[in-house]
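Student: What follows is the file upload.txt, containing compact mmCIF, C-alpha atoms:
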```txt
# COMPACT_ATOMS: atom_id res chain seq x y z
CA MET A 1 0.00 0.00 0.00
CA ASN A 2 1.30 3.43 -0.96
CA THR A 3 1.12 5.20 2.43
CA ALA A 4 2.88 8.37 3.59
CA LEU A 5 4.62 6.97 6.70
CA LYS A 6 5.14 3.32 5.73
CA ASN A 7 8.65 3.14 7.25
CA VAL A 8 7.89 5.08 10.44
CA ARG A 9 7.55 3.31 13.78
CA VAL A 10 5.48 4.74 16.61
CA LEU A 11 5.31 3.64 20.25
CA GLU A 12 2.11 4.77 21.95
CA LEU A 13 2.03 5.05 25.75
CA THR A 14 -1.43 6.50 26.08
CA HIS A 15 -4.87 6.25 27.60
CA VAL A 16 -8.14 8.09 26.90
CA ILE A 17 -8.65 10.22 23.81
CA SER A 18 -5.87 12.75 23.21
CA GLY A 19 -2.86 10.46 22.93
CA SER A 20 -4.87 7.71 21.28
CA MET A 21 -6.04 10.18 18.65
CA ALA A 22 -2.49 11.28 17.84
CA GLY A 23 -1.34 7.68 17.46
CA MET A 24 -4.36 6.80 15.34
CA LEU A 25 -3.72 9.66 12.92
CA LEU A 26 -0.12 8.54 12.48
CA GLY A 27 -1.42 5.02 11.88
CA ASP A 28 -3.85 6.38 9.31
CA LEU A 29 -0.86 7.82 7.48
CA GLY A 30 0.74 4.39 7.39
CA ALA A 31 3.05 4.35 10.42
CA GLU A 32 3.37 1.14 12.40
CA VAL A 33 1.83 2.04 15.77
CA ILE A 34 2.39 -0.18 18.79
CA LYS A 35 0.00 0.70 21.60
CA ILE A 36 1.06 -0.28 25.13
CA GLU A 37 -1.87 -1.26 27.37
CA ARG A 38 -2.34 -2.60 30.87
CA PRO A 39 -2.50 -6.42 31.13
CA LYS A 40 -6.03 -7.87 31.38
CA VAL A 41 -7.89 -4.51 31.40
CA GLY A 42 -6.31 -2.36 28.70
CA GLU A 43 -6.62 1.40 28.49
CA PHE A 44 -9.39 3.45 30.12
CA TYR A 45 -11.83 3.37 27.20
CA ARG A 46 -11.43 -0.38 26.81
CA GLU A 47 -12.12 -0.94 30.52
CA GLU A 48 -14.48 1.85 31.61
CA ALA A 49 -16.44 2.97 28.53
CA GLN A 50 -19.97 1.96 27.57
CA LYS A 51 -20.04 -1.72 26.57
CA ASN A 52 -22.32 -4.08 24.71
CA GLU A 53 -24.00 -7.14 26.24
CA ALA A 54 -20.80 -9.16 25.75
CA GLY A 55 -18.76 -6.64 27.77
CA ILE A 56 -16.90 -5.20 24.77
CA SER A 57 -16.25 -1.46 24.71
CA ILE A 58 -18.23 0.30 21.97
CA VAL A 59 -15.96 3.36 22.32
CA PHE A 60 -12.38 2.04 22.22
CA PRO A 61 -12.36 1.15 18.48
CA SER A 62 -13.17 4.77 17.58
CA TYR A 63 -9.72 6.08 18.57
CA ASN A 64 -7.52 3.08 17.95
CA ARG A 65 -7.72 1.85 14.37
CA ASN A 66 -4.53 1.07 12.46
CA LYS A 67 -2.58 -0.02 15.57
CA ARG A 68 -1.11 -3.10 17.21
CA SER A 69 -1.74 -3.74 20.92
CA ILE A 70 0.69 -5.28 23.39
CA THR A 71 0.22 -5.50 27.14
CA LEU A 72 2.88 -4.42 29.63
CA ASN A 73 2.77 -3.80 33.36
CA LEU A 74 4.84 -0.63 33.57
CA LYS A 75 5.49 -1.21 37.26
CA ASP A 76 7.57 -4.29 36.40
CA PRO A 77 11.30 -3.80 35.61
CA GLU A 78 11.12 -6.33 32.77
CA ALA A 79 8.35 -4.28 31.12
CA ILE A 80 10.53 -1.18 31.33
CA ARG A 81 13.37 -3.07 29.66
CA ILE A 82 10.98 -4.09 26.87
CA ILE A 83 9.89 -0.46 26.42
CA LYS A 84 13.51 0.61 26.06
CA ARG A 85 14.27 -2.14 23.55
CA LEU A 86 11.28 -1.05 21.48
CA ALA A 87 12.28 2.60 21.83
CA ALA A 88 15.71 1.81 20.41
CA GLU A 89 14.07 1.13 17.04
CA THR A 90 11.22 3.65 17.31
CA ASP A 91 10.90 6.99 15.54
CA ILE A 92 8.11 8.59 17.56
CA VAL A 93 6.78 8.03 21.08
CA ILE A 94 3.33 9.41 21.92
CA GLU A 95 2.45 9.69 25.60
CA ASN A 96 -0.25 11.43 27.61
CA TYR A 97 0.55 10.64 31.22
CA ARG A 98 0.65 13.38 33.80
CA PRO A 99 4.00 15.22 33.61
CA GLY A 100 6.72 13.40 35.54
CA VAL A 101 5.08 9.96 35.61
CA LEU A 102 7.21 8.42 32.87
CA ASP A 103 10.35 9.97 34.37
CA LYS A 104 9.63 8.16 37.64
CA LEU A 105 9.18 4.91 35.72
CA GLY A 106 12.52 5.41 33.97
CA ILE A 107 11.07 5.84 30.49
CA GLY A 108 10.85 9.62 30.17
CA TYR A 109 12.38 11.49 27.25
CA GLU A 110 15.87 11.68 28.74
CA ASP A 111 15.79 7.95 29.56
CA LEU A 112 14.71 6.93 26.06
CA LYS A 113 17.17 9.36 24.49
CA VAL A 114 19.96 7.25 26.01
CA VAL A 115 18.90 4.23 23.93
CA ASN A 116 17.88 6.27 20.86
CA GLU A 117 19.50 9.68 20.55
CA SER A 118 17.24 10.78 17.68
CA ILE A 119 13.95 9.67 19.21
CA ILE A 120 10.96 12.01 19.06
CA MET A 121 8.61 12.10 22.04
CA VAL A 122 5.29 13.91 21.92
CA SER A 123 3.95 14.52 25.43
CA ILE A 124 0.28 15.51 25.63
CA SER A 125 -1.09 16.73 28.94
CA GLY A 126 -3.77 19.01 30.33
CA TYR A 127 -1.65 22.07 31.06
CA GLY A 128 1.76 21.25 29.61
CA GLN A 129 5.05 20.01 31.05
CA SER A 130 5.73 23.24 32.94
CA GLY A 131 3.94 26.04 34.74
CA PRO A 132 1.88 26.31 37.94
CA TYR A 133 -0.85 23.94 36.63
CA ALA A 134 1.46 21.30 35.15
CA LYS A 135 0.59 18.59 37.70
CA LYS A 136 -3.11 19.49 37.84
CA PRO A 137 -5.41 16.72 36.52
CA ALA A 138 -7.45 17.66 33.47
CA TYR A 139 -10.33 16.45 31.37
CA ASP A 140 -11.86 17.98 28.29
CA MET A 141 -14.66 19.44 30.43
CA THR A 142 -12.27 21.22 32.80
CA ILE A 143 -10.16 22.49 29.90
CA SER A 144 -13.34 23.80 28.27
CA ALA A 145 -14.00 25.78 31.44
CA MET A 146 -10.43 26.98 31.98
CA SER A 147 -9.71 27.97 28.37
CA GLY A 148 -12.65 30.34 27.96
CA PHE A 149 -14.32 28.04 25.45
CA MET A 150 -17.20 27.29 27.82
CA SER A 151 -17.79 30.98 28.52
CA MET A 152 -18.85 31.46 24.89
CA ASN A 153 -20.67 28.18 24.34
CA GLY A 154 -24.34 27.62 25.05
CA PRO A 155 -27.41 29.82 25.57
CA GLU A 156 -26.97 33.36 26.82
CA GLY A 157 -26.05 33.34 30.51
CA GLN A 158 -25.57 29.55 30.58
CA PRO A 159 -21.93 28.60 29.87
CA THR A 160 -22.05 25.07 28.49
CA LYS A 161 -19.44 22.39 27.87
CA ASN A 162 -19.00 21.39 24.26
CA GLY A 163 -20.62 18.15 23.09
CA PRO A 164 -17.59 16.34 21.59
CA ALA A 165 -14.31 16.38 23.52
CA VAL A 166 -12.88 19.25 21.47
CA SER A 167 -9.63 19.84 23.39
CA ASP A 168 -8.92 16.09 23.43
CA PHE A 169 -9.31 15.84 19.67
CA LEU A 170 -7.39 19.04 19.04
CA SER A 171 -4.47 17.90 21.19
CA GLY A 172 -4.38 14.64 19.27
CA ILE A 173 -4.36 16.52 15.97
CA TYR A 174 -1.71 18.99 17.14
CA GLY A 175 0.28 16.08 18.56
CA CYS A 176 0.27 14.36 15.18
CA LEU A 177 1.14 17.63 13.41
CA ALA A 178 4.04 18.24 15.79
CA ALA A 179 5.30 14.68 15.36
CA LEU A 180 5.40 15.13 11.59
CA ALA A 181 7.24 18.44 11.92
CA ALA A 182 9.76 16.91 14.33
CA LEU A 183 10.22 13.96 11.98
CA GLN A 184 11.02 16.27 9.08
CA HIS A 185 13.42 18.25 11.29
CA ARG A 186 15.14 15.03 12.33
CA ASN A 187 15.44 13.89 8.72
CA GLU A 188 17.26 17.14 7.93
CA THR A 189 19.39 17.48 11.09
CA GLY A 190 19.47 14.08 12.81
CA GLU A 191 18.20 15.76 15.96
CA GLY A 192 15.48 14.20 18.13
CA GLN A 193 12.83 16.24 19.88
CA HIS A 194 10.64 16.41 22.96
CA VAL A 195 7.33 18.05 21.99
CA ASP A 196 5.09 19.52 24.70
CA VAL A 197 1.38 19.72 23.76
CA ALA A 198 -1.04 21.19 26.31
CA MET A 199 -4.79 20.68 26.00
CA LEU A 200 -5.24 24.17 27.43
CA ASP A 201 -3.21 25.68 24.59
CA CYS A 202 -5.24 23.63 22.11
CA GLY A 203 -8.46 25.01 23.57
CA LEU A 204 -7.13 28.55 23.29
CA SER A 205 -6.10 27.99 19.68
CA VAL A 206 -9.68 27.87 18.39
CA LEU A 207 -10.73 31.13 20.03
CA ASP A 208 -9.36 32.98 16.98
CA ALA A 209 -9.92 36.76 17.27
CA PHE A 210 -11.77 36.80 20.59
CA PHE A 211 -8.68 37.87 22.55
CA ALA A 212 -8.03 40.75 20.14
CA GLN A 213 -11.70 41.76 20.20
CA TYR A 214 -11.60 42.01 23.97
CA ARG A 215 -8.27 43.90 23.92
CA PHE A 216 -9.44 46.55 21.47
CA THR A 217 -13.10 46.92 22.48
CA GLY A 218 -13.01 46.19 26.19
CA ILE A 219 -16.08 44.00 25.70
CA GLU A 220 -15.67 40.39 26.78
CA PRO A 221 -17.29 37.86 24.41
CA LYS A 222 -20.12 35.91 26.03
CA CYS A 223 -22.42 33.00 25.25
CA GLY A 224 -24.55 33.69 22.22
CA GLY A 225 -26.39 30.43 21.76
CA ASN A 226 -27.04 29.85 18.07
CA ARG A 227 -26.71 33.51 17.21
CA ARG A 228 -23.64 35.27 15.83
CA ALA A 229 -22.10 38.45 17.17
CA GLY A 230 -22.52 41.43 14.83
CA TYR A 231 -24.94 39.77 12.40
CA ALA A 232 -28.66 38.96 12.26
CA PRO A 233 -30.83 37.10 11.67
CA VAL A 234 -28.65 34.03 12.30
CA ASN A 235 -30.27 31.21 14.25
CA ALA A 236 -31.89 27.77 14.24
CA TYR A 237 -35.60 27.77 13.53
CA LYS A 238 -38.34 25.19 13.97
CA THR A 239 -39.89 23.76 10.83
CA ALA A 240 -42.99 21.64 10.38
CA ASP A 241 -40.97 18.49 11.09
CA GLY A 242 -37.64 19.52 12.62
CA MET A 243 -35.21 22.43 12.69
CA ILE A 244 -33.13 24.36 10.18
CA TYR A 245 -30.23 26.75 10.65
CA ILE A 246 -30.44 29.93 8.57
CA SER A 247 -27.52 32.34 8.33
CA ALA A 248 -28.48 35.64 6.72
CA THR A 249 -25.06 37.02 7.59
CA LEU A 250 -24.26 39.27 4.66
CA ASN A 251 -26.59 41.86 3.18
CA LYS A 252 -26.88 39.83 -0.03
CA HIS A 253 -28.05 36.83 2.02
CA TRP A 254 -30.53 39.03 3.88
CA GLN A 255 -31.88 40.30 0.58
CA CYS A 256 -32.25 36.77 -0.79
CA LEU A 257 -34.06 35.69 2.37
CA THR A 258 -36.49 38.62 2.39
CA ASP A 259 -37.18 38.11 -1.33
CA LEU A 260 -37.98 34.46 -0.70
CA MET A 261 -40.23 35.38 2.21
CA GLY A 262 -42.01 37.99 0.13
CA ARG A 263 -40.91 40.67 2.61
CA GLU A 264 -38.92 43.06 0.47
CA ASP A 265 -40.09 45.78 2.88
CA LEU A 266 -37.81 44.31 5.54
CA PHE A 267 -34.80 44.55 3.27
CA HIS A 268 -35.46 48.18 2.34
CA ALA A 269 -36.18 49.35 5.90
CA PRO A 270 -33.36 51.70 7.06
CA GLU A 271 -33.12 49.95 10.43
CA ASN A 272 -32.15 46.74 8.58
CA ALA A 273 -29.48 48.22 6.32
CA THR A 274 -26.54 46.37 7.94
CA GLY A 275 -25.96 43.30 10.04
CA VAL A 276 -25.07 45.46 13.03
CA LEU A 277 -28.32 47.42 12.72
CA ARG A 278 -30.33 44.21 12.37
CA LYS A 279 -28.55 42.81 15.42
CA ALA A 280 -29.99 45.65 17.52
CA HIS A 281 -33.50 44.21 17.10
CA GLU A 282 -32.77 40.63 16.10
CA GLU A 283 -35.50 39.12 18.30
CA GLU A 284 -38.13 40.96 16.27
CA LEU A 285 -36.62 39.78 12.97
CA GLU A 286 -36.15 36.24 14.24
CA ALA A 287 -39.81 36.07 15.23
CA ILE A 288 -40.78 36.96 11.65
CA VAL A 289 -38.42 34.37 10.17
CA ALA A 290 -39.56 31.75 12.68
CA ASP A 291 -43.23 32.30 11.86
CA TRP A 292 -42.42 31.88 8.15
CA ALA A 293 -40.13 28.84 8.54
CA LYS A 294 -42.60 26.72 10.51
CA GLN A 295 -44.89 26.44 7.47
CA PHE A 296 -42.44 24.16 5.65
CA LYS A 297 -40.86 20.78 6.17
CA THR A 298 -37.11 20.92 6.75
CA ARG A 299 -35.97 19.39 3.46
CA GLU A 300 -38.44 21.48 1.48
CA LEU A 301 -37.30 24.68 3.14
CA ALA A 302 -33.62 23.80 2.74
CA ALA A 303 -34.14 23.28 -0.99
CA MET A 304 -35.90 26.65 -1.27
CA LEU A 305 -33.15 28.46 0.64
CA ASP A 306 -30.40 26.74 -1.34
CA LYS A 307 -32.01 27.78 -4.60
CA ALA A 308 -32.34 31.35 -3.34
CA GLY A 309 -28.67 31.47 -2.28
CA VAL A 310 -29.27 31.69 1.48
CA PRO A 311 -26.74 29.75 3.62
CA CYS A 312 -28.65 27.10 5.53
CA ALA A 313 -28.53 23.54 6.80
CA PRO A 314 -30.95 21.13 8.39
CA VAL A 315 -30.13 20.52 12.06
CA GLN A 316 -29.27 16.83 11.79
CA GLY A 317 -28.95 14.17 14.45
CA ILE A 318 -26.32 11.43 14.24
CA ALA A 319 -28.69 9.03 12.44
CA ALA A 320 -29.36 11.57 9.69
CA VAL A 321 -25.66 12.41 9.35
CA MET A 322 -24.84 8.75 8.74
CA GLU A 323 -27.33 8.71 5.87
CA ASP A 324 -26.48 12.13 4.45
CA PRO A 325 -25.68 11.86 0.70
CA GLN A 326 -22.64 14.17 0.95
CA VAL A 327 -21.20 12.12 3.82
CA ILE A 328 -21.81 8.89 1.90
CA TYR A 329 -20.40 10.26 -1.37
CA ARG A 330 -17.15 11.39 0.23
CA GLY A 331 -16.74 8.29 2.38
CA SER A 332 -16.61 10.51 5.45
CA ILE A 333 -17.61 7.58 7.65
CA VAL A 334 -15.83 4.26 7.16
CA GLU A 335 -16.52 0.86 8.69
CA PHE A 336 -14.45 -2.12 9.74
CA GLU A 337 -15.27 -5.47 11.31
CA TYR A 338 -14.52 -5.53 15.05
CA PRO A 339 -14.69 -8.79 17.03
CA GLY A 340 -17.82 -9.00 19.15
CA LEU A 341 -19.32 -5.82 17.72
CA GLY A 342 -19.69 -6.43 13.99
CA MET A 343 -19.36 -3.59 11.49
CA TYR A 344 -18.04 -0.59 13.37
CA PRO A 345 -18.48 2.96 11.94
CA VAL A 346 -15.86 5.67 12.51
CA PRO A 347 -15.15 9.11 11.03
CA ALA A 348 -12.65 8.69 8.21
CA PHE A 349 -9.22 10.28 8.07
CA VAL A 350 -10.15 13.77 6.90
CA PRO A 351 -7.70 14.81 4.13
CA LYS A 352 -8.23 13.13 0.76
CA PHE A 353 -5.01 12.43 -1.18
CA ASN A 354 -4.88 11.82 -4.90
CA THR A 355 -2.22 9.06 -4.79
CA ILE A 356 -1.40 8.39 -1.12
CA GLN A 357 -3.49 5.60 0.38
CA VAL A 358 -4.97 5.65 3.89
CA PRO A 359 -5.35 2.20 5.50
CA VAL A 360 -8.48 1.28 7.46
CA ARG A 361 -7.56 -1.58 9.77
CA PRO A 362 -9.71 -2.34 12.81
CA ALA A 363 -8.61 -1.37 16.29
CA PRO A 364 -6.67 -4.21 17.93
CA THR A 365 -8.00 -6.59 20.53
CA LEU A 366 -6.13 -6.42 23.84
CA GLY A 367 -2.58 -7.76 23.57
CA GLU A 368 -3.17 -9.31 20.15
CA ALA A 369 0.38 -8.44 19.03
CA ASN A 370 2.20 -9.73 22.14
CA GLU A 371 3.65 -12.75 20.40
CA TYR A 372 4.51 -10.90 17.19
CA ILE A 373 6.27 -7.99 18.90
CA LEU A 374 7.99 -9.88 21.68
CA CYS A 375 8.96 -13.03 19.80
CA GLU A 376 9.43 -11.98 16.19
CA ARG A 377 10.63 -8.45 16.86
CA LEU A 378 12.53 -8.75 20.14
CA GLY A 379 13.57 -12.42 20.06
CA TYR A 380 11.75 -13.90 23.06
CA ASP A 381 10.84 -17.57 22.69
CA LEU A 382 7.41 -19.01 23.51
CA ALA A 383 8.57 -20.30 26.91
CA GLN A 384 9.79 -16.83 27.85
CA LEU A 385 6.52 -15.34 26.57
CA GLN A 386 4.54 -17.68 28.79
CA ASP A 387 6.77 -16.84 31.75
CA LEU A 388 6.15 -13.12 31.23
CA GLN A 389 2.43 -13.77 31.18
CA GLU A 390 2.51 -15.92 34.32
CA ARG A 391 4.50 -13.25 36.17
CA GLY A 392 2.03 -10.54 35.16
CA VAL A 393 4.55 -8.62 33.05
CA ILE A 394 2.27 -8.84 30.02
```
Reformat the file's structure so that it appears as structure tokens.
Tutor:
Amino acid sequence: MNTALKNVRVLELTHVISGSMAGMLLGDLGAEVIKIERPKVGEFYREEAQKNEAGISIVFPSYNRNKRSITLNLKDPEAIRIIKRLAAETDIVIENYRPGVLDKLGIGYEDLKVVNESIIMVSISGYGQSGPYAKKPAYDMTISAMSGFMSMNGPEGQPTKNGPAVSDFLSGIYGCLAALAALQHRNETGEGQHVDVAMLDCGLSVLDAFFAQYRFTGIEPKCGGNRRAGYAPVNAYKTADGMIYISATLNKHWQCLTDLMGREDLFHAPENATGVLRKAHEEELEAIVADWAKQFKTRELAAMLDKAGVPCAPVQGIAAVMEDPQVIYRGSIVEFEYPGLGMYPVPAFVPKFNTIQVPVRPAPTLGEANEYILCERLGYDLAQLQDLQERGVI
């Protein structure tokens, strides 16, 4: 298969989403990714997540395709020796333990650099490897609160956590991006790298111009619900059978909307001449749009708005997204067979290449690569493998 990273080896010391996401993206690009998990229980989302009747996690496969799994008890000295032997022939290590944990185990960046001077380690944590919050535990929800993201999300006056784990996914994406940059740097200079990715920084990174807006206006951005600052009418409206989002942001969109509604008088009214002016009395305008929208079924109204050139979209649930013709056409959701679950749907790797191939291999079962990695790669025999298992090393 013609993949981008076919000769790159990745060692993944992760749990939960952020580190797993970074490793998965590298696997999507063709790297060999070896995921280290706890014996018998595996990582958090294999052990603790929602499961089917057979006790199999229905979450774990979402973040762990295109990987191999081996089990190691990192509290055992033999497991640490195995990590170091693997690190000696590894290009990139991804880890998302709390800062200092791997150092105490003897497999931090400086320890692995001894066995592989050019190794790249990407460390993902809540607040980074340094600073007053470095050792503070973090989840996506707490990062959402700390970063300011929550303060602008949700209905007015009701700061709300985001639905998906945005900072987790972003830190995985930035972790992968950083790994690729460090790999290119190493190819040119021979120099390894320790990359520090903080979920807090990732959360801040999507707040675009909000910091500048506050600096230069003195007005702190707040929750706006489905509305948009500075423009109106922009909101989600009930239809006869669902909801539709209509964004009459620009004047040309506002004109198209009022023409479609048969309310040219609204467009020509001086108080509606700009988005800022319309924003001043948006509730009044929204009430007019809402009363008009509820006459139509969602798909019918979307077709009308599309034809008129008004930005819009039906407010779709997950079931509708999975059946959306654009999603199906682009292969935006892919499926693989996972033992005990059947066909498992996951969001596809996002970029589409014209010649580079992206593999879609199912997430591994727990420890499925123990024999391959330890015996074929590191030279253990079957008796030694059994001994490691009996001693709880694997």
Student: Might you pull out every residue within 8 Å of Leu257 (chain A), with only C-alpha atoms counted and same-chain residues fewer than 4 positions away left off, and present them as a list in words?
Tutor: Ala248, His253, Met261, Leu305, Ala308 and Val310 of chain A
Student: Quick one: residues within 8 Å of region 311-323 of chain A, only C-alpha atoms, excluding same-chain residues fewer than 4 positions away - as a PDB file with C-alpha atoms, in the coordinates of the input?
Tutor:
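Generated output (part_5.pdb):
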```pdb
ATOM      1  CA  ALA A 236     -31.890  27.770  14.240  1.00  0.00           C
ATOM      2  CA  GLY A 242     -37.640  19.520  12.620  1.00  0.00           C
ATOM      3  CA  MET A 243     -35.210  22.430  12.690  1.00  0.00           C
ATOM      4  CA  ILE A 244     -33.130  24.360  10.180  1.00  0.00           C
ATOM      5  CA  TYR A 245     -30.230  26.750  10.650  1.00  0.00           C
ATOM      6  CA  ILE A 246     -30.440  29.930   8.570  1.00  0.00           C
ATOM      7  CA  SER A 247     -27.520  32.340   8.330  1.00  0.00           C
ATOM      8  CA  ALA A 248     -28.480  35.640   6.720  1.00  0.00           C
ATOM      9  CA  HIS A 253     -28.050  36.830   2.020  1.00  0.00           C
ATOM     10  CA  THR A 298     -37.110  20.920   6.750  1.00  0.00           C
ATOM     11  CA  ARG A 299     -35.970  19.390   3.460  1.00  0.00           C
ATOM     12  CA  ALA A 302     -33.620  23.800   2.740  1.00  0.00           C
ATOM     13  CA  LEU A 305     -33.150  28.460   0.640  1.00  0.00           C
ATOM     14  CA  ASP A 306     -30.400  26.740  -1.340  1.00  0.00           C
ATOM     15  CA  VAL A 327     -21.200  12.120   3.820  1.00  0.00           C
ATOM     16  CA  ILE A 328     -21.810   8.890   1.900  1.00  0.00           C
ATOM     17  CA  ILE A 333     -17.610   7.580   7.650  1.00  0.00           C
TER      18      ILE A 333
END
```
Student: List the neighbours of Gly192 (chain A) out to 7 Å using only C-alpha atoms; skip same-chain residues closer than 6 positions along the sequence, and give me the result as an MDAnalysis selection string.
Tutor: chainID A and resid 117:120 186
Student: With C-alpha atoms retained, export the selected residues as a compact mmCIF listing (two decimals), in the coordinates of the input.
Tutor:
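Once written, part.txt looks like this:
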```txt
# COMPACT_ATOMS: atom_id res chain seq x y z
CA GLU A 117 19.50 9.68 20.55
CA SER A 118 17.24 10.78 17.68
CA ILE A 119 13.95 9.67 19.21
CA ILE A 120 10.96 12.01 19.06
CA ARG A 186 15.14 15.03 12.33
```
Student: Which one of A:Pro77, A:Gly331, A:Pro61, A:Pro221 sits closest to Tyr344 (chain A) if you count only C-alpha atoms?
Tutor: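 Looking only at the distances to Tyr344 (chain A), the closest residue turns out to be A:Pro61.
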Student: What is the distance, in Å and to one decimal place, between CA of Asp91 (chain A) and CA of Ile356 (chain A)?
Tutor: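 Those two atoms sit 20.8 Å apart.
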Student: State, in Å with one decimal place, the distance from CA of Ala79 (chain A) to CA of Asp387 (chain A).
Tutor: 12.7 Å
Student: Kindly provide the residues of region 123-167 of chain A that approach region 2-25 of chain A to within 9 Å, each paired with its closest atom pair and their distance in Å to one decimal, based on only C-alpha atoms, listed by chain and increasing number, as a tab-separated table.
Tutor:
```
residue	atom	partner	partner_atom	distance
A:Ser123	CA	A:Gly19	CA	8.3
A:Ile124	CA	A:Gly19	CA	6.5
A:Ser125	CA	A:Ser18	CA	8.5
A:Ala165	CA	A:Ile17	CA	8.4
A:Ser167	CA	A:Ser18	CA	8.0
```
Student: For the atom pair CA of Thr90 (chain A) and CA of Lys104 (chain A), what is the interatomic distance in Å to one decimal place?
Tutor: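 Distance between the two atoms: 20.9 Å.
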Student: Rank A:Glu48, A:Ile36, A:Gly27, A:Phe169 by their smallest atom-to-atom distance to Thr71 (chain A), using only C-alpha atoms, and report the top residue only.
Tutor: A:Ile36
Student: Which one of A:Arg263, A:Lys84, A:Arg46, A:Arg98 sits closest to Ala138 (chain A) if you count all atoms listed in the file?
Tutor: A:Arg98
Student: Applying 10 Å and only C-alpha atoms, which residues near Gln158 (chain A) remain after dropping the ones on its own chain fewer than 4 positions away? List them as a PyMOL selection string.
Tutor: chain A and resi 150-154+222-225
Student: Ranking A:Leu260, A:Leu26, A:Pro233, A:Ala273 by minimum distance to Tyr174 (chain A) and counting only C-alpha atoms, which one comes first?
Tutor: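 Once distances to Tyr174 (chain A) are computed over only C-alpha atoms, the minimum belongs to A:Leu26.
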Student: Would you please work out which residue, of A:Pro339, A:Gly55, A:Gly379, A:Gly190, is nearest to Ala363 (chain A) when using all atoms listed in the file?
Tutor: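 Checking each of A:Pro339, A:Gly55, A:Gly379, A:Gly190 against Ala363 (chain A), counting all atoms listed in the file, the winner is A:Pro339.
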Student: Which polymer residues have any atom within 6 Å of an atom of region 143-147 of chain A, counting only C-alpha atoms, with same-chain residues fewer than 6 positions away left out, as an MDAnalysis selection string?
Tutor: chainID A and resid 200 203:204
Student: Would you please work out which residue, of A:Lys40, A:Lys35, A:Lys238, A:Arg65, is nearest to Val334 (chain A) when using only C-alpha atoms?
Tutor: A:Arg65
Student: How would region 312-322 of chain A of the given structure read as a file with N, CA, C and O atoms, as an mmCIF file, in the first residue's frame?
Tutor:
```cif
data_model
loop_
_atom_site.group_PDB
_atom_site.id
_atom_site.type_symbol
_atom_site.label_atom_id
_atom_site.label_comp_id
_atom_site.auth_asym_id
_atom_site.auth_seq_id
_atom_site.Cartn_x
_atom_site.Cartn_y
_atom_site.Cartn_z
ATOM 1 N N CYS A 312 -27.763 27.797 4.603
ATOM 2 C CA CYS A 312 -28.654 27.101 5.528
ATOM 3 C C CYS A 312 -28.212 25.654 5.651
ATOM 4 O O CYS A 312 -27.414 25.160 4.849
ATOM 5 N N ALA A 313 -28.764 24.972 6.641
ATOM 6 C CA ALA A 313 -28.527 23.540 6.797
ATOM 7 C C ALA A 313 -29.565 22.964 7.735
ATOM 8 O O ALA A 313 -29.915 23.601 8.741
ATOM 9 N N PRO A 314 -30.072 21.782 7.422
ATOM 10 C CA PRO A 314 -30.949 21.128 8.394
ATOM 11 C C PRO A 314 -30.155 20.784 9.647
ATOM 12 O O PRO A 314 -28.960 20.456 9.564
ATOM 13 N N VAL A 315 -30.784 20.904 10.811
ATOM 14 C CA VAL A 315 -30.132 20.519 12.060
ATOM 15 C C VAL A 315 -30.284 19.004 12.187
ATOM 16 O O VAL A 315 -31.353 18.499 12.517
ATOM 17 N N GLN A 316 -29.210 18.282 11.905
ATOM 18 C CA GLN A 316 -29.274 16.830 11.792
ATOM 19 C C GLN A 316 -28.773 16.133 13.051
ATOM 20 O O GLN A 316 -27.781 16.544 13.645
ATOM 21 N N GLY A 317 -29.443 15.062 13.417
ATOM 22 C CA GLY A 317 -28.948 14.167 14.445
ATOM 23 C C GLY A 317 -27.959 13.189 13.845
ATOM 24 O O GLY A 317 -27.742 13.158 12.621
ATOM 25 N N ILE A 318 -27.348 12.367 14.693
ATOM 26 C CA ILE A 318 -26.322 11.427 14.243
ATOM 27 C C ILE A 318 -26.877 10.459 13.199
ATOM 28 O O ILE A 318 -26.213 10.148 12.198
ATOM 29 N N ALA A 319 -28.109 9.974 13.399
ATOM 30 C CA ALA A 319 -28.691 9.032 12.444
ATOM 31 C C ALA A 319 -28.793 9.640 11.060
ATOM 32 O O ALA A 319 -28.476 9.004 10.043
ATOM 33 N N ALA A 320 -29.232 10.902 10.994
ATOM 34 C CA ALA A 320 -29.364 11.573 9.693
ATOM 35 C C ALA A 320 -28.005 11.832 9.060
ATOM 36 O O ALA A 320 -27.849 11.729 7.832
ATOM 37 N N VAL A 321 -27.011 12.168 9.886
ATOM 38 C CA VAL A 321 -25.660 12.414 9.349
ATOM 39 C C VAL A 321 -25.124 11.154 8.670
ATOM 40 O O VAL A 321 -24.530 11.212 7.592
ATOM 41 N N MET A 322 -25.355 10.007 9.295
ATOM 42 C CA MET A 322 -24.836 8.753 8.743
ATOM 43 C C MET A 322 -25.477 8.409 7.401
ATOM 44 O O MET A 322 -24.902 7.652 6.616
#
```
